[in-house]
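J.: Just protein-v2.pdb, nothing more (PDB, C-alpha atoms):
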ATOM      1  CA  MET A   1      82.918  61.151 310.095
ATOM      2  CA  SER A   2      82.627  58.899 307.068
ATOM      3  CA  GLU A   3      79.455  57.233 305.956
ATOM      4  CA  ALA A   4      79.316  53.493 305.461
ATOM      5  CA  SER A   5      80.906  52.467 302.192
ATOM      6  CA  GLU A   6      81.684  49.270 300.333
ATOM      7  CA  THR A   7      85.402  49.523 301.023
ATOM      8  CA  PHE A   8      87.696  51.093 303.564
ATOM      9  CA  GLU A   9      91.357  51.862 303.162
ATOM     10  CA  PHE A  10      93.650  53.521 305.654
ATOM     11  CA  THR A  11      95.045  56.839 304.483
ATOM     12  CA  SER A  12      98.782  56.693 303.852
ATOM     13  CA  GLN A  13      99.384  58.730 307.013
ATOM     14  CA  ASN A  14      97.222  56.405 309.125
ATOM     15  CA  LEU A  15      98.745  53.297 307.574
ATOM     16  CA  GLU A  16     102.132  54.693 308.594
ATOM     17  CA  ARG A  17     100.805  55.193 312.147
ATOM     18  CA  CYS A  18      99.620  51.571 312.169
ATOM     19  CA  GLN A  19     103.007  50.338 310.942
ATOM     20  CA  ASP A  20     104.648  52.319 313.744
ATOM     21  CA  TYR A  21     102.386  50.588 316.287
ATOM     22  CA  LEU A  22     103.257  47.183 314.826
ATOM     23  CA  LYS A  23     106.929  47.847 315.569
ATOM     24  CA  ARG A  24     106.164  48.471 319.252
ATOM     25  CA  TYR A  25     104.503  45.131 319.995
ATOM     26  CA  PRO A  26     105.859  41.571 320.101
ATOM     27  CA  THR A  27     103.172  40.335 317.657
ATOM     28  CA  LYS A  28     100.977  42.114 315.133
ATOM     29  CA  GLN A  29      97.818  40.992 316.915
ATOM     30  CA  ALA A  30      99.035  42.668 320.118
ATOM     31  CA  ALA A  31      98.738  46.028 318.324
ATOM     32  CA  MET A  32      95.025  45.535 317.663
ATOM     33  CA  LEU A  33      93.666  48.159 320.086
ATOM     34  CA  PRO A  34      95.788  51.077 318.845
ATOM     35  CA  VAL A  35      95.212  50.084 315.207
ATOM     36  CA  LEU A  36      91.450  49.973 315.836
ATOM     37  CA  HIS A  37      91.615  53.423 317.429
ATOM     38  CA  VAL A  38      93.389  54.776 314.332
ATOM     39  CA  ALA A  39      90.723  53.202 312.126
ATOM     40  CA  GLN A  40      87.899  54.662 314.215
ATOM     41  CA  GLU A  41      89.505  58.111 314.185
ATOM     42  CA  GLN A  42      89.624  57.958 310.395
ATOM     43  CA  HIS A  43      86.216  56.423 309.663
ATOM     44  CA  GLY A  44      84.183  57.532 312.675
ATOM     45  CA  PHE A  45      83.086  54.014 313.583
ATOM     46  CA  ILE A  46      84.103  50.393 313.045
ATOM     47  CA  SER A  47      82.114  48.931 310.159
ATOM     48  CA  LYS A  48      82.512  45.433 308.717
ATOM     49  CA  GLU A  49      84.757  46.950 306.025
ATOM     50  CA  VAL A  50      86.958  48.577 308.666
ATOM     51  CA  GLU A  51      87.230  45.256 310.513
ATOM     52  CA  THR A  52      88.402  43.666 307.252
ATOM     53  CA  ALA A  53      91.072  46.346 306.700
ATOM     54  CA  VAL A  54      92.326  46.035 310.290
ATOM     55  CA  ALA A  55      92.503  42.239 309.951
ATOM     56  CA  GLU A  56      94.594  42.654 306.807
ATOM     57  CA  VAL A  57      97.035  45.054 308.493
ATOM     58  CA  LEU A  58      97.371  42.739 311.503
ATOM     59  CA  GLU A  59      97.366  39.546 309.414
ATOM     60  CA  VAL A  60      94.708  37.935 311.621
ATOM     61  CA  PRO A  61      91.301  36.409 310.849
ATOM     62  CA  GLU A  62      88.488  38.972 310.700
ATOM     63  CA  VAL A  63      86.703  37.188 313.530
ATOM     64  CA  GLU A  64      89.562  38.124 315.884
ATOM     65  CA  VAL A  65      89.017  41.802 315.118
ATOM     66  CA  HIS A  66      85.240  41.429 315.446
ATOM     67  CA  LYS A  67      85.596  39.846 318.902
ATOM     68  CA  VAL A  68      87.622  42.824 320.136
ATOM     69  CA  VAL A  69      85.298  45.426 318.589
ATOM     70  CA  THR A  70      82.221  43.849 320.163
ATOM     71  CA  PHE A  71      83.896  43.471 323.577
ATOM     72  CA  TYR A  72      85.111  47.048 324.134
ATOM     73  CA  THR A  73      82.449  49.728 324.555
ATOM     74  CA  LEU A  74      84.618  52.568 323.222
ATOM     75  CA  PHE A  75      84.501  51.159 319.699
ATOM     76  CA  HIS A  76      81.429  52.377 317.826
ATOM     77  CA  ARG A  77      79.764  49.961 315.422
ATOM     78  CA  HIS A  78      77.559  52.581 313.784
ATOM     79  CA  PRO A  79      77.920  56.281 312.933
ATOM     80  CA  VAL A  80      78.037  58.574 315.964
ATOM     81  CA  GLY A  81      78.061  62.313 316.572
ATOM     82  CA  ARG A  82      81.203  64.429 316.522
ATOM     83  CA  HIS A  83      81.135  64.333 320.334
ATOM     84  CA  GLN A  84      80.326  61.331 322.517
ATOM     85  CA  ILE A  85      79.056  61.468 326.082
ATOM     86  CA  ARG A  86      78.976  58.523 328.458
ATOM     87  CA  LEU A  87      77.080  59.153 331.717
ATOM     88  CA  CYS A  88      77.846  56.763 334.568
ATOM     89  CA  MET A  89      74.731  55.204 336.080
ATOM     90  CA  ASN A  90      76.531  52.813 338.430
ATOM     91  CA  LEU A  91      75.492  52.689 342.088
ATOM     92  CA  ALA A  92      77.659  55.513 343.482
ATOM     93  CA  CYS A  93      76.715  57.879 340.659
ATOM     94  CA  TRP A  94      73.061  56.893 340.869
ATOM     95  CA  LEU A  95      72.988  57.509 344.635
ATOM     96  CA  ARG A  96      74.451  60.979 344.023
ATOM     97  CA  GLY A  97      71.988  62.005 341.313
ATOM     98  CA  SER A  98      72.991  60.602 337.930
ATOM     99  CA  ASP A  99      69.309  59.887 337.233
ATOM    100  CA  CYS A 100      68.681  63.649 337.474
ATOM    101  CA  ILE A 101      71.605  64.298 335.099
ATOM    102  CA  LYS A 102      70.224  61.671 332.714
ATOM    103  CA  ALA A 103      66.828  63.365 332.634
ATOM    104  CA  HIS A 104      68.534  66.723 332.098
ATOM    105  CA  LEU A 105      70.594  65.405 329.170
ATOM    106  CA  GLU A 106      67.506  63.857 327.577
ATOM    107  CA  GLU A 107      65.681  67.177 327.792
ATOM    108  CA  LYS A 108      68.644  69.374 326.815
ATOM    109  CA  LEU A 109      69.765  67.236 323.860
ATOM    110  CA  GLY A 110      66.266  66.200 322.785
ATOM    111  CA  VAL A 111      67.247  62.564 322.426
ATOM    112  CA  ALA A 112      67.153  59.524 324.693
ATOM    113  CA  SER A 113      70.214  57.622 325.853
ATOM    114  CA  GLY A 114      71.854  55.791 322.964
ATOM    115  CA  GLY A 115      70.789  58.391 320.440
ATOM    116  CA  THR A 116      72.380  61.150 318.417
ATOM    117  CA  THR A 117      71.151  64.740 318.260
ATOM    118  CA  SER A 118      69.351  65.727 315.065
ATOM    119  CA  ASP A 119      72.310  67.873 313.968
ATOM    120  CA  GLY A 120      74.694  64.906 314.338
ATOM    121  CA  LYS A 121      76.739  66.816 316.893
ATOM    122  CA  ILE A 122      76.385  64.639 320.014
ATOM    123  CA  THR A 123      75.788  60.958 320.672
ATOM    124  CA  TRP A 124      75.236  60.088 324.306
ATOM    125  CA  GLU A 125      74.457  57.103 326.441
ATOM    126  CA  ALA A 126      73.851  56.261 330.069
ATOM    127  CA  VAL A 127      76.172  53.373 330.950
ATOM    128  CA  SER A 128      76.122  50.955 333.849
ATOM    129  CA  ASP A 129      79.835  50.193 333.836
ATOM    130  CA  CYS A 130      81.689  52.069 336.578
ATOM    131  CA  MET A 131      83.918  54.835 335.266
ATOM    132  CA  GLY A 132      86.139  54.916 338.343
ATOM    133  CA  ALA A 133      85.312  58.245 339.979
ATOM    134  CA  CYS A 134      82.885  57.098 342.663
ATOM    135  CA  GLU A 135      84.191  59.564 345.248
ATOM    136  CA  ASP A 136      83.306  62.480 342.947
ATOM    137  CA  ALA A 137      80.010  61.140 341.594
ATOM    138  CA  PRO A 138      78.056  61.715 339.492
ATOM    139  CA  MET A 139      80.391  61.773 336.524
ATOM    140  CA  MET A 140      80.462  61.593 332.753
ATOM    141  CA  GLN A 141      82.949  61.290 329.948
ATOM    142  CA  LEU A 142      82.816  63.749 327.049
ATOM    143  CA  ASP A 143      85.065  62.561 324.243
ATOM    144  CA  LYS A 144      88.345  61.810 326.066
ATOM    145  CA  ASP A 145      87.763  64.034 329.114
ATOM    146  CA  TYR A 146      86.071  63.185 332.405
ATOM    147  CA  TYR A 147      83.839  65.513 334.415
ATOM    148  CA  ASP A 148      82.656  64.871 337.955
ATOM    149  CA  GLU A 149      80.463  66.311 340.709
ATOM    150  CA  LEU A 150      77.876  67.042 338.038
ATOM    151  CA  THR A 151      74.834  69.238 338.403
ATOM    152  CA  PRO A 152      72.473  70.225 335.584
ATOM    153  CA  GLU A 153      74.082  73.678 335.562
ATOM    154  CA  LYS A 154      77.587  72.228 335.377
ATOM    155  CA  VAL A 155      76.533  69.933 332.512
ATOM    156  CA  ASP A 156      75.194  72.965 330.617
ATOM    157  CA  GLN A 157      78.496  74.824 331.121
ATOM    158  CA  ILE A 158      80.524  71.812 329.958
ATOM    159  CA  LEU A 159      78.390  71.306 326.860
ATOM    160  CA  GLU A 160      78.527  74.992 325.967
ATOM    161  CA  LYS A 161      82.302  75.149 326.333
ATOM    162  CA  GLU A 162      83.330  71.756 324.887
ATOM    163  CA  THR A 163      80.856  71.201 322.043
ATOM    164  CA  ALA A 164      80.570  74.725 320.605
TER
END
Rewrite the structure from the file as structure tokens, please.
T.:
Amino acid sequence: MSEASETFEFTSQNLERCQDYLKRYPTKQAAMLPVLHVAQEQHGFISKEVETAVAEVLEVPEVEVHKVVTFYTLFHRHPVGRHQIRLCMNLACWLRGSDCIKAHLEEKLGVASGGTTSDGKITWEAVSDCMGACEDAPMMQLDKDYYDELTPEKVDQILEKETA
């Protein structure tokens, strides 16, 4: 994860990945989401400087990139931990105990929702947007994987295995 800096440039390998995405879409702007994901993978989050670099690659005004970054919750606008957890707090998950899982995560990680552990390893947040697994609630996302039917014990096992 990179710290904020005055400039951002794609690595040659990532610029090549972006150029490959541009070939797959009818317009450069249509490739914005995958190009933003490449930028976030490289930098760790989407800073103002990253928005500028993405706008240059896509040949669009910076405000167009900013609108997308601020709309989608999977783009981070500040440094985050190496691992990210999103705990669903929507109605189905809440009815099946996500509030208990939230309290467990707060105690286990030593940080409230929206925070990052002191070692910079995990950033987590309780989210109200449905994550689409209501029948197997409660559920959470850890990085790109989803886990359901959570209990405090299951959360501990997942964290031990996936964040070691």
J.: Please list as a list of chain:residue names every residue within 9 Å of A:Cys100, counting only C-alpha atoms and excluding residues in the same chain fewer than 6 positions away.
T.: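 Near A:Cys100, the qualifying residues are A:Trp94, A:Thr151, A:Pro152.
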J.: Between A:Ile85, A:Glu160, A:Lys108, A:Thr70, which has the minimum distance to A:Glu125 (counting all atoms listed in the file)?
T.: A:Ile85
J.: With a distance cut-off of 12 Å and all atoms listed in the file, select the neighbouring residues of A:Arg17, excluding the residue or stretch itself and same-chain residues fewer than 6 positions from it, and output the selection as number ranges by chain.
T.: A: 10-11, 23-24, 31, 34-39, 41-42, 57
J.: Which residue is closest to A:Glu49? Choose from A:Asn14, A:Leu33, A:Thr7, A:Ala137 and count all atoms listed in the file.
T.: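 Of all the options, A:Thr7 lies closest to A:Glu49.
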J.: So how far away is atom CA of A:Arg86 from atom CA of A:Met140, in Å?
T.: 5.5 Å
J.: Could you give me the axis-aligned bounding box of stretch 125-133 of chain A, with 6 Å of padding per side, as centre plus edge lengths in Å to one decimal, as AutoDock Vina command-line options?
T.:
--center_x 80.0 --center_y 54.2 --center_z 333.2 --size_x 24.3 --size_y 20.1 --size_z 25.5
J.: As an exercise, work out the distance from atom CA of A:Asp136 to atom CA of A:Asp99 in Å and give it to one decimal place.
T.: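 The value is 15.3 Å.
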